[in-house]
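Data file: run_15.csv. Format and content: CSV, C-alpha atoms.
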```csv
chain,number,residue,atom,x,y,z
I,1,MET,CA,54.3,197.2,210.6
I,2,SER,CA,54.2,195.2,207.3
I,3,SER,CA,56.4,192.2,206.9
I,4,PRO,CA,59.7,192.8,205.0
I,5,ARG,CA,59.7,192.0,201.3
I,6,PRO,CA,61.5,188.7,200.5
I,7,VAL,CA,65.0,189.0,199.1
I,8,ARG,CA,65.2,188.2,195.4
I,9,HIS,CA,68.3,186.6,193.7
I,10,ARG,CA,69.3,186.4,190.1
I,11,VAL,CA,68.8,183.1,188.3
I,12,PHE,CA,72.3,182.2,187.1
I,13,HIS,CA,71.7,178.7,185.8
I,14,ASP,CA,70.7,176.9,182.6
I,15,PRO,CA,67.1,175.9,181.9
I,16,GLY,CA,65.7,173.5,184.4
I,17,TYR,CA,65.0,169.8,184.0
I,18,TYR,CA,61.4,170.1,185.2
I,19,SER,CA,59.2,172.9,186.5
I,20,SER,CA,55.6,173.5,187.6
I,21,TYR,CA,53.7,175.2,190.4
I,22,LEU,CA,54.0,173.7,193.8
I,23,GLU,CA,52.8,174.7,197.2
I,24,LYS,CA,55.5,174.6,199.9
I,25,LEU,CA,54.8,174.4,203.6
I,26,GLU,CA,56.4,177.4,205.3
I,27,ILE,CA,58.1,176.7,208.6
I,28,LYS,CA,57.1,179.9,210.3
I,29,SER,CA,53.5,180.2,209.4
I,30,GLN,CA,52.9,176.4,208.9
I,31,LYS,CA,50.8,177.3,205.8
I,32,TYR,CA,51.3,176.2,202.2
I,33,LYS,CA,52.5,179.0,199.8
I,34,LYS,CA,52.4,178.8,196.1
I,35,TYR,CA,55.7,179.0,194.1
I,36,TRP,CA,56.8,178.3,190.6
I,37,THR,CA,59.4,175.6,191.3
I,38,VAL,CA,62.2,174.7,188.9
I,39,LEU,CA,64.6,171.8,189.2
I,40,ARG,CA,68.0,172.9,188.0
I,41,GLY,CA,70.8,170.4,188.5
I,42,ASN,CA,70.5,169.1,192.1
I,43,GLU,CA,68.8,172.3,193.4
I,44,LEU,CA,65.2,173.4,193.6
I,45,PHE,CA,64.5,177.1,192.9
I,46,PHE,CA,61.4,178.9,194.1
I,47,GLN,CA,60.1,181.8,192.1
I,48,MET,CA,56.9,183.9,192.3
I,49,THR,CA,56.0,183.4,188.6
I,50,SER,CA,57.2,181.4,185.6
I,51,ARG,CA,58.5,184.6,183.9
I,52,ASP,CA,60.3,186.0,186.9
I,53,PRO,CA,64.1,186.1,186.2
I,54,THR,CA,64.8,186.1,190.0
I,55,TYR,CA,64.3,183.5,192.7
I,56,ILE,CA,63.3,183.9,196.3
I,57,GLU,CA,64.7,180.7,197.8
I,58,LYS,CA,66.6,177.6,196.7
I,59,LEU,CA,66.9,174.2,198.3
I,60,SER,CA,70.0,172.0,197.7
I,61,LEU,CA,69.4,168.2,197.2
I,62,GLU,CA,73.0,167.1,198.1
I,63,ASN,CA,71.9,165.5,201.3
I,64,PHE,CA,69.0,163.6,199.7
I,65,VAL,CA,67.5,160.7,201.6
I,66,SER,CA,64.2,159.9,199.9
I,67,VAL,CA,61.0,161.4,198.4
I,68,GLU,CA,57.7,159.8,199.1
I,69,ASN,CA,53.9,160.4,199.4
I,70,ASP,CA,52.6,162.1,202.5
I,71,THR,CA,49.9,159.8,203.9
I,72,SER,CA,49.1,162.0,206.9
I,73,HIS,CA,46.2,163.7,205.1
I,74,ASN,CA,42.9,162.0,204.8
I,75,ASN,CA,41.7,164.0,201.8
I,76,THR,CA,42.3,161.9,198.6
I,77,GLN,CA,41.8,165.0,196.4
I,78,GLN,CA,45.1,166.5,197.6
I,79,TYR,CA,48.5,165.3,196.4
I,80,PHE,CA,51.1,165.8,199.1
I,81,PHE,CA,54.6,164.4,199.1
I,82,ILE,CA,57.6,164.8,201.5
I,83,LEU,CA,61.2,165.5,200.5
I,84,LYS,CA,63.5,164.0,203.1
I,85,LEU,CA,67.1,165.3,203.5
I,86,LYS,CA,69.7,164.6,206.1
I,87,THR,CA,69.2,168.2,207.4
I,88,GLY,CA,65.4,167.9,207.6
I,89,GLU,CA,62.3,167.4,205.5
I,90,THR,CA,60.1,169.7,203.4
I,91,LYS,CA,56.5,169.1,202.5
I,92,PHE,CA,54.9,169.9,199.2
I,93,GLU,CA,51.5,169.8,197.5
I,94,ALA,CA,51.2,169.2,193.7
I,95,TYR,CA,48.1,169.9,191.6
I,96,SER,CA,47.7,166.4,190.2
I,97,SER,CA,48.8,162.9,190.9
I,98,GLU,CA,50.7,162.9,187.6
I,99,ALA,CA,52.6,166.1,188.6
I,100,ARG,CA,53.5,164.5,192.0
I,101,GLU,CA,54.9,161.4,190.3
I,102,GLN,CA,56.9,163.5,187.9
I,103,TRP,CA,58.4,165.5,190.7
I,104,LYS,CA,59.3,162.3,192.6
I,105,GLY,CA,60.9,160.7,189.4
I,106,TYR,CA,63.0,163.8,188.5
I,107,ILE,CA,64.3,164.4,192.0
I,108,HIS,CA,65.2,160.7,192.4
I,109,THR,CA,67.0,160.7,189.0
I,110,VAL,CA,69.2,163.8,189.6
I,111,THR,CA,70.1,162.8,193.2
I,112,LYS,CA,70.6,159.0,192.8
I,113,LEU,CA,71.7,159.2,189.1
I,114,GLU,CA,69.3,156.4,188.2
I,115,ILE,CA,65.8,156.2,186.8
I,116,PRO,CA,63.4,155.1,189.6
I,117,LYS,CA,61.1,152.1,189.2
I,118,LEU,CA,57.8,154.0,188.9
I,119,ASP,CA,54.7,153.7,186.7
I,120,PHE,CA,55.9,155.9,183.8
I,121,LEU,CA,55.0,156.0,180.2
I,122,PRO,CA,57.7,155.4,177.5
I,123,GLY,CA,57.9,159.1,176.7
I,124,GLN,CA,58.3,160.0,180.3
I,125,ILE,CA,61.1,157.4,180.7
I,126,CYS,CA,62.9,158.9,177.7
I,127,SER,CA,62.7,162.4,179.3
I,128,LEU,CA,64.2,161.0,182.5
I,129,GLN,CA,67.0,159.4,180.5
I,130,GLU,CA,67.8,162.7,178.9
I,131,VAL,CA,67.9,164.4,182.2
I,132,LEU,CA,70.2,161.7,183.6
I,133,ASP,CA,72.6,162.1,180.6
I,134,LYS,CA,72.7,165.9,181.1
I,135,GLU,CA,73.3,165.6,184.8
I,136,MET,CA,76.1,163.1,184.2
I,137,LYS,CA,77.8,165.6,181.9
I,138,ARG,CA,77.2,168.5,184.2
I,139,LEU,CA,78.9,166.8,187.2
I,140,PRO,CA,82.6,167.4,187.4
I,141,LYS,CA,84.8,164.4,186.6
I,142,PRO,CA,87.4,163.5,189.3
I,143,THR,CA,90.8,164.4,188.0
I,144,PHE,CA,94.2,164.5,189.6
I,145,SER,CA,95.2,168.1,190.3
I,146,PRO,CA,98.9,168.8,190.6
I,147,PRO,CA,100.2,170.8,193.5
I,148,PRO,CA,99.9,174.6,193.1
I,149,LEU,CA,102.9,176.5,191.7
I,150,PRO,CA,104.5,179.2,193.8
I,151,PRO,CA,103.2,182.6,193.0
I,152,ALA,CA,105.1,184.4,190.2
I,153,ARG,CA,106.8,187.6,191.0
I,154,SER,CA,104.9,190.0,188.9
I,155,ARG,CA,102.7,192.9,189.3
I,156,PRO,CA,99.3,191.9,190.6
I,157,THR,CA,96.4,192.5,188.3
I,158,THR,CA,93.1,194.0,189.4
I,159,PRO,CA,89.7,192.4,188.6
I,160,GLU,CA,88.8,195.3,186.4
I,161,LEU,CA,91.9,194.8,184.2
I,162,GLU,CA,91.3,191.0,184.0
I,163,GLN,CA,87.7,191.5,182.9
I,164,SER,CA,88.7,194.1,180.3
I,165,VAL,CA,91.4,191.9,178.8
I,166,TYR,CA,89.0,188.9,178.7
I,167,ASP,CA,86.3,190.9,176.9
I,168,ASP,CA,88.8,192.2,174.3
I,169,VAL,CA,90.0,188.7,173.5
I,170,GLU,CA,86.5,187.3,173.4
I,171,ASN,CA,85.3,190.0,171.1
I,172,GLN,CA,88.1,189.2,168.7
I,173,GLN,CA,87.3,185.5,168.6
I,174,LEU,CA,83.5,186.0,168.2
I,175,SER,CA,83.0,186.3,164.4
I,176,CYS,CA,79.4,187.5,164.5
I,177,PHE,CA,80.0,190.4,166.9
I,178,TYR,CA,79.7,193.8,165.3
I,179,ASN,CA,79.9,197.2,166.9
I,180,VAL,CA,76.8,198.6,165.2
I,181,SER,CA,73.5,200.1,166.4
I,182,ARG,CA,70.0,198.5,166.2
I,183,VAL,CA,69.2,200.1,162.8
I,184,GLU,CA,72.6,199.3,161.4
I,185,ALA,CA,72.3,195.7,162.6
I,186,GLU,CA,68.9,195.3,160.8
I,187,ALA,CA,70.4,196.7,157.6
I,188,MET,CA,73.4,194.4,157.8
I,189,LEU,CA,71.2,191.3,158.1
I,190,GLU,CA,69.0,192.4,155.2
I,191,LYS,CA,72.0,193.1,153.0
I,192,ASN,CA,73.8,189.8,153.8
I,193,VAL,CA,71.1,187.2,153.9
I,194,GLU,CA,73.2,184.5,152.4
I,195,PHE,CA,75.9,184.9,155.1
I,196,GLY,CA,73.7,184.5,158.2
I,197,ASN,CA,70.6,185.8,160.0
I,198,MET,CA,71.9,186.6,163.6
I,199,LEU,CA,74.5,188.9,165.1
I,200,MET,CA,75.6,190.2,168.5
I,201,ARG,CA,76.0,193.9,169.1
I,202,PRO,CA,76.6,196.3,172.0
I,203,ASN,CA,73.5,197.6,173.8
I,204,THR,CA,72.6,201.3,173.9
I,205,ASP,CA,73.8,201.5,177.5
I,206,ASN,CA,77.3,200.4,176.4
I,207,LYS,CA,77.3,197.9,179.3
I,208,ASN,CA,75.2,195.0,178.1
I,209,PHE,CA,74.7,193.3,174.7
I,210,SER,CA,71.9,192.5,172.3
I,211,ILE,CA,71.3,189.8,169.8
I,212,THR,CA,69.4,190.7,166.6
I,213,THR,CA,67.8,188.1,164.3
I,214,ARG,CA,66.1,188.4,161.0
I,215,GLN,CA,63.9,185.9,159.1
I,216,GLU,CA,61.5,185.8,156.2
I,217,PHE,CA,57.9,184.8,156.9
I,218,ASN,CA,55.1,185.2,154.3
I,219,ASN,CA,57.2,187.5,152.2
I,220,LYS,CA,57.8,189.8,155.2
I,221,SER,CA,60.9,190.3,157.3
I,222,VAL,CA,60.6,189.4,161.0
I,223,VAL,CA,63.3,191.2,163.0
I,224,LYS,CA,63.7,190.5,166.8
I,225,HIS,CA,66.1,191.8,169.4
I,226,TYR,CA,67.1,190.0,172.6
I,227,ARG,CA,68.8,191.6,175.6
I,228,ILE,CA,71.9,190.0,177.1
I,229,SER,CA,72.8,191.2,180.6
I,230,CYS,CA,76.4,191.1,181.9
I,231,VAL,CA,76.6,189.6,185.4
I,232,ASP,CA,79.4,188.4,187.6
I,233,ASP,CA,79.1,184.8,186.5
I,234,GLY,CA,78.7,185.4,182.8
I,235,TYR,CA,75.8,186.6,180.6
I,236,VAL,CA,72.1,186.2,181.1
I,237,ILE,CA,69.7,186.0,178.2
I,238,GLU,CA,66.5,187.9,179.3
I,239,ILE,CA,64.0,185.3,178.3
I,240,ASP,CA,61.7,183.0,180.3
I,241,ASP,CA,63.4,182.5,183.7
I,242,GLY,CA,66.7,183.9,182.6
I,243,ILE,CA,69.3,181.8,180.9
I,244,LEU,CA,72.9,182.0,182.2
I,245,CYS,CA,75.8,181.5,179.7
I,246,THR,CA,79.5,181.6,180.7
I,247,SER,CA,80.6,183.4,177.6
I,248,LYS,CA,79.4,185.3,174.5
I,249,GLN,CA,80.1,182.2,172.4
I,250,ASP,CA,77.9,180.1,174.6
I,251,THR,CA,75.2,182.6,174.2
I,252,ILE,CA,75.3,182.3,170.4
I,253,ASN,CA,75.4,178.5,170.7
I,254,PHE,CA,72.3,178.6,172.9
I,255,PHE,CA,70.3,180.3,170.1
I,256,ILE,CA,71.7,177.9,167.5
I,257,GLN,CA,70.9,174.8,169.5
I,258,GLN,CA,67.4,175.9,170.6
I,259,THR,CA,66.4,176.7,167.0
I,260,LYS,CA,68.1,173.5,165.6
I,261,GLY,CA,70.4,175.6,163.4
I,262,VAL,CA,67.7,177.8,161.9
I,263,LEU,CA,69.4,180.9,163.3
I,264,LYS,CA,72.9,181.2,161.9
I,265,PRO,CA,75.6,183.7,163.0
I,266,LEU,CA,76.3,186.4,160.5
I,267,GLU,CA,79.9,185.8,159.2
I,268,ILE,CA,80.7,188.1,156.2
I,269,PRO,CA,83.6,186.7,154.2
I,270,LYS,CA,86.5,189.0,153.4
I,271,ASP,CA,88.2,189.3,150.0
I,272,TYR,CA,91.9,188.4,149.8
I,273,GLU,CA,94.4,188.6,146.9
I,274,MET,CA,95.7,185.3,145.6
I,275,ASN,CA,98.9,186.7,144.0
I,276,LEU,CA,101.5,189.2,145.2
I,277,SER,CA,101.4,192.4,143.1
I,278,TYR,CA,102.5,196.0,143.4
I,279,VAL,CA,102.7,199.2,141.4
I,280,GLN,CA,106.1,200.5,140.5
I,281,GLU,CA,107.3,203.6,138.6
I,282,ASP,CA,109.4,203.0,135.5
I,283,ALA,CA,112.8,204.6,135.8
I,284,GLU,CA,113.1,205.7,132.1
I,285,SER,CA,109.6,206.7,131.1
I,286,GLY,CA,108.2,207.6,134.6
I,287,GLU,CA,105.0,205.5,133.8
I,288,LEU,CA,103.3,203.6,136.6
I,289,ILE,CA,103.5,199.8,135.9
I,290,HIS,CA,101.5,197.2,137.7
I,291,ARG,CA,103.7,194.2,138.4
I,292,ASN,CA,102.3,190.7,139.2
I,293,LEU,CA,104.9,188.4,140.7
I,294,HIS,CA,102.9,185.3,139.9
I,295,THR,CA,102.3,185.8,136.2
I,296,SER,CA,105.3,188.0,135.6
I,297,LYS,CA,103.2,190.2,133.3
I,298,LEU,CA,103.4,194.0,133.3
I,299,SER,CA,100.4,196.1,132.5
I,300,PRO,CA,100.4,199.9,132.5
I,301,ALA,CA,98.4,201.4,135.2
I,302,LYS,CA,95.5,203.6,134.4
I,303,THR,CA,96.4,207.3,134.1
I,304,SER,CA,94.4,210.4,133.5
I,305,THR,CA,95.9,211.2,130.1
I,306,GLU,CA,93.9,210.1,127.1
I,307,PRO,CA,95.7,208.4,124.1
I,308,VAL,CA,96.3,210.5,121.0
I,309,LYS,CA,93.9,209.6,118.2
I,310,GLN,CA,95.6,208.9,114.8
I,311,THR,CA,93.8,209.9,111.6
I,312,LYS,CA,94.2,207.9,108.4
I,313,GLN,CA,95.5,209.8,105.4
I,314,ARG,CA,93.7,209.5,102.1
I,315,PRO,CA,95.8,208.1,99.2
I,316,LYS,CA,96.9,210.7,96.7
I,317,ILE,CA,95.6,210.4,93.1
I,318,PRO,CA,98.6,210.3,90.7
I,319,LYS,CA,98.8,212.8,87.8
I,320,ILE,CA,98.6,211.6,84.2
I,321,ILE,CA,101.6,212.7,82.1
I,322,GLU,CA,101.0,212.7,78.4
I,323,PRO,CA,103.9,211.4,76.4
I,324,GLU,CA,105.6,213.6,73.8
I,325,VAL,CA,105.3,213.0,70.0
I,326,GLY,CA,109.0,212.1,69.7
I,327,HIS,CA,108.5,209.1,71.9
I,328,LEU,CA,106.0,207.5,69.6
I,329,ASP,CA,107.7,207.4,66.0
I,330,ASN,CA,111.2,206.3,65.1
I,331,ASP,CA,110.6,206.2,61.3
I,332,ALA,CA,110.1,209.9,61.1
I,333,GLY,CA,113.7,210.6,61.9
I,334,ILE,CA,112.8,212.0,65.2
I,335,PRO,CA,115.3,210.8,67.8
I,336,LYS,CA,113.8,208.8,70.6
I,337,GLU,CA,114.5,210.2,73.9
I,338,SER,CA,114.8,208.1,77.1
I,339,PRO,CA,111.6,208.0,79.0
I,340,PRO,CA,111.7,210.3,82.1
I,341,ALA,CA,112.1,208.6,85.4
I,342,GLN,CA,108.8,207.8,87.1
I,343,SER,CA,107.9,209.8,90.1
I,344,LYS,CA,107.3,208.3,93.5
I,345,THR,CA,103.6,209.0,93.1
I,346,GLN,CA,103.5,206.8,90.0
I,347,GLN,CA,105.5,204.1,91.7
I,348,LEU,CA,103.0,204.0,94.5
I,349,THR,CA,100.0,203.5,92.2
I,350,THR,CA,97.8,200.5,92.7
I,351,PRO,CA,97.3,197.8,90.0
I,352,SER,CA,93.9,199.2,89.0
I,353,GLN,CA,95.3,202.6,88.5
I,354,SER,CA,98.2,201.1,86.3
I,355,ARG,CA,95.6,199.4,84.1
I,356,THR,CA,93.7,202.6,83.6
I,357,LEU,CA,96.9,204.5,82.6
I,358,SER,CA,98.0,201.9,80.1
I,359,ALA,CA,94.6,201.9,78.4
I,360,LEU,CA,94.6,205.7,78.2
I,361,SER,CA,98.1,205.7,76.7
I,362,GLN,CA,97.2,203.2,74.0
I,363,ALA,CA,94.2,205.4,73.0
I,364,ILE,CA,96.5,208.5,72.7
I,365,ASN,CA,99.1,206.6,70.8
I,366,ALA,CA,96.5,205.3,68.3
I,367,GLU,CA,95.2,208.8,67.7
I,368,LEU,CA,98.7,210.2,67.3
I,369,ASN,CA,99.7,207.4,64.8
I,370,LEU,CA,96.6,208.2,62.8
I,371,LYS,CA,97.6,211.9,62.5
I,372,LEU,CA,101.1,210.9,61.6
I,373,MET,CA,100.0,208.7,58.8
I,374,GLN,CA,97.8,211.4,57.4
I,375,ARG,CA,100.7,213.8,57.5
I,376,ARG,CA,103.0,211.4,55.7
I,377,ALA,CA,100.4,210.9,53.0
I,378,ALA,CA,100.2,214.6,52.4
I,379,MET,CA,104.0,214.8,52.1
I,380,TYR,CA,104.2,212.1,49.4
I,381,ASP,CA,101.5,213.6,47.4
```

Structure translated into structure tokens:
Amino acid sequence: MSSPRPVRHRVFHDPGYYSSYLEKLEIKSQKYKKYWTVLRGNELFFQMTSRDPTYIEKLSLENFVSVENDTSHNNTQQYFFILKLKTGETKFEAYSSEAREQWKGYIHTVTKLEIPKLDFLPGQICSLQEVLDKEMKRLPKPTFSPPPLPPARSRPTTPELEQSVYDDVENQQLSCFYNVSRVEAEAMLEKNVEFGNMLMRPNTDNKNFSITTRQEFNNKSVVKHYRISCVDDGYVIEIDDGILCTSKQDTINFFIQQTKGVLKPLEIPKDYEMNLSYVQEDAESGELIHRNLHTSKLSPAKTSTEPVKQTKQRPKIPKIIEPEVGHLDNDAGIPKESPPAQSKTQQLTTPSQSRTLSALSQAINAELNLKLMQRRAAMYD
């Protein structure tokens, strides 16, 4: 019968401090087996490959005693070292002397919370200092915890209800979460370039999530999709060895931090009115009026009826009334009659029309006076 397959466990931790291939001495077979080893916090995780999101075994370093070279081998081309714990010791083989020294330095830093006095370059010392700072922040700070309160008399909640309520609240707080499909997400990012280039959306299975990003490179759009799996301890980004985040917001923050702010969450601003206004029907005319409380101005609302076009009337040309003969001569014994009242049309004439009428009247009067003089001359003869 074949040996049973090793049990694989999900990687639920942040990216490791240091990782490389190591050969670990198996207790049962007393043979060295090759593993991709990752130092996460104060634990060693053993995986089959660097891209495997699961681990086969992990080793806690809480009971750390020391880590030193294994001098029991005479071959100088092999780089062995021993990890001693209070519970026992484990032997490893590295692939170079530099890798062995790196493993010894990182293990000593996370367990003793100090940088060991080894022959390191300045860049390697800076890396160990960063690991030390991260480990100090990761460790819980001792705080005084008050005594637990008595249980409240209320209806107990089920884990399913608590998880659903937590998801609802978190989705409301996450500003770049949109309930759209893959195609709709790409269209949103293309349409709103100035507001961000990354969003979170539900996956097609309606259980997990995805992150869609869009960038411009050489006048071409580069769109990528990342799968986010929901697990008991949070959310796992399916890249590299699997990145665990405690919330959706931490997942977004991971992308922002790793890209140094190049990826920005898509946050589309919403338009809001600056003044209070409303539409009201006028009680007398029945017309809809838009009322603005800030400016106190009223403007009629748009209606479907078109305004009536008014046509301009042309001015009427006044009639010319010739005066009678009796109005022109008083010496002939003809009684002078009072001039007739001017009509409204004549009163409304313009100054240019008045000048024209006066000139015409003078010409007629001159002609009539000439005829009258001729008539008088004939009578005296």

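The gap separating atom CA of I:Glu194 from atom CA of I:His225 is 19.8 Å, in Å to one decimal.
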
Using only C-alpha atoms, which protein or nucleic acid residues come within 8 Å of stretch 47-51 of chain I? Drop anything in the same chain fewer than 4 positions from it, and give the result as a PDB file with C-alpha atoms, in the coordinates of the input.
```
ATOM      1  CA  LYS I  34      52.400 178.800 196.100  1.00  0.00           C
ATOM      2  CA  TYR I  35      55.700 179.000 194.100  1.00  0.00           C
ATOM      3  CA  TRP I  36      56.800 178.300 190.600  1.00  0.00           C
ATOM      4  CA  THR I  37      59.400 175.600 191.300  1.00  0.00           C
ATOM      5  CA  TYR I  55      64.300 183.500 192.700  1.00  0.00           C
ATOM      6  CA  ILE I  56      63.300 183.900 196.300  1.00  0.00           C
ATOM      7  CA  GLU I  57      64.700 180.700 197.800  1.00  0.00           C
ATOM      8  CA  ILE I 239      64.000 185.300 178.300  1.00  0.00           C
ATOM      9  CA  ASP I 240      61.700 183.000 180.300  1.00  0.00           C
ATOM     10  CA  ASP I 241      63.400 182.500 183.700  1.00  0.00           C
TER      11      ASP I 241
END
```

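The gap separating atom CA of I:Gly196 from atom CA of I:Lys264 is 5.0 Å, in Å to one decimal.
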
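The two atoms in question, atom CA of I:Ile268 and atom CA of I:Glu216, are spaced 19.3 Å apart.
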
Of I:Leu85, I:Ile364, I:Ala99, I:Ala94, the one nearest to I:Asp70 when counting all atoms listed in the file is I:Ala94

Selection near I:Asn197, 8 Å with only C-alpha atoms, sequence-local residues under 4 positions removed, as a PyMOL selection string: chain I and resi 189+193+213-215+263-266

Contact residues around I:Gly16 with all atoms listed in the file at 10 Å, ignoring same-chain residues under 5 positions, as a PyMOL selection string: chain I and resi 37-41+43-45+131+241+243

Best match for closeness to I:Thr212 among I:Cys230, I:Val236, I:Ala185, I:Ile252, counting all atoms listed in the file: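 Smallest distance to I:Thr212 is found for I:Ala185.
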
Given the choices I:Ala283, I:Lys137, I:Glu190, I:Ile107, which gets closest to I:Val222 if the distance is worked out from all atoms listed in the file? I:Glu190

Judged by all atoms listed in the file, the minimum distance to I:Lys24 among I:Gln78, I:Ser221, I:Asn42, I:Thr90 is found for I:Thr90

Select, from I:Phe255, I:Tyr235, I:Phe92, I:Tyr18, the residue with the minimum atom-to-atom distance to I:Gln124, counting all atoms listed in the file.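 Once distances to I:Gln124 are computed over all atoms listed in the file, the minimum belongs to I:Tyr18.
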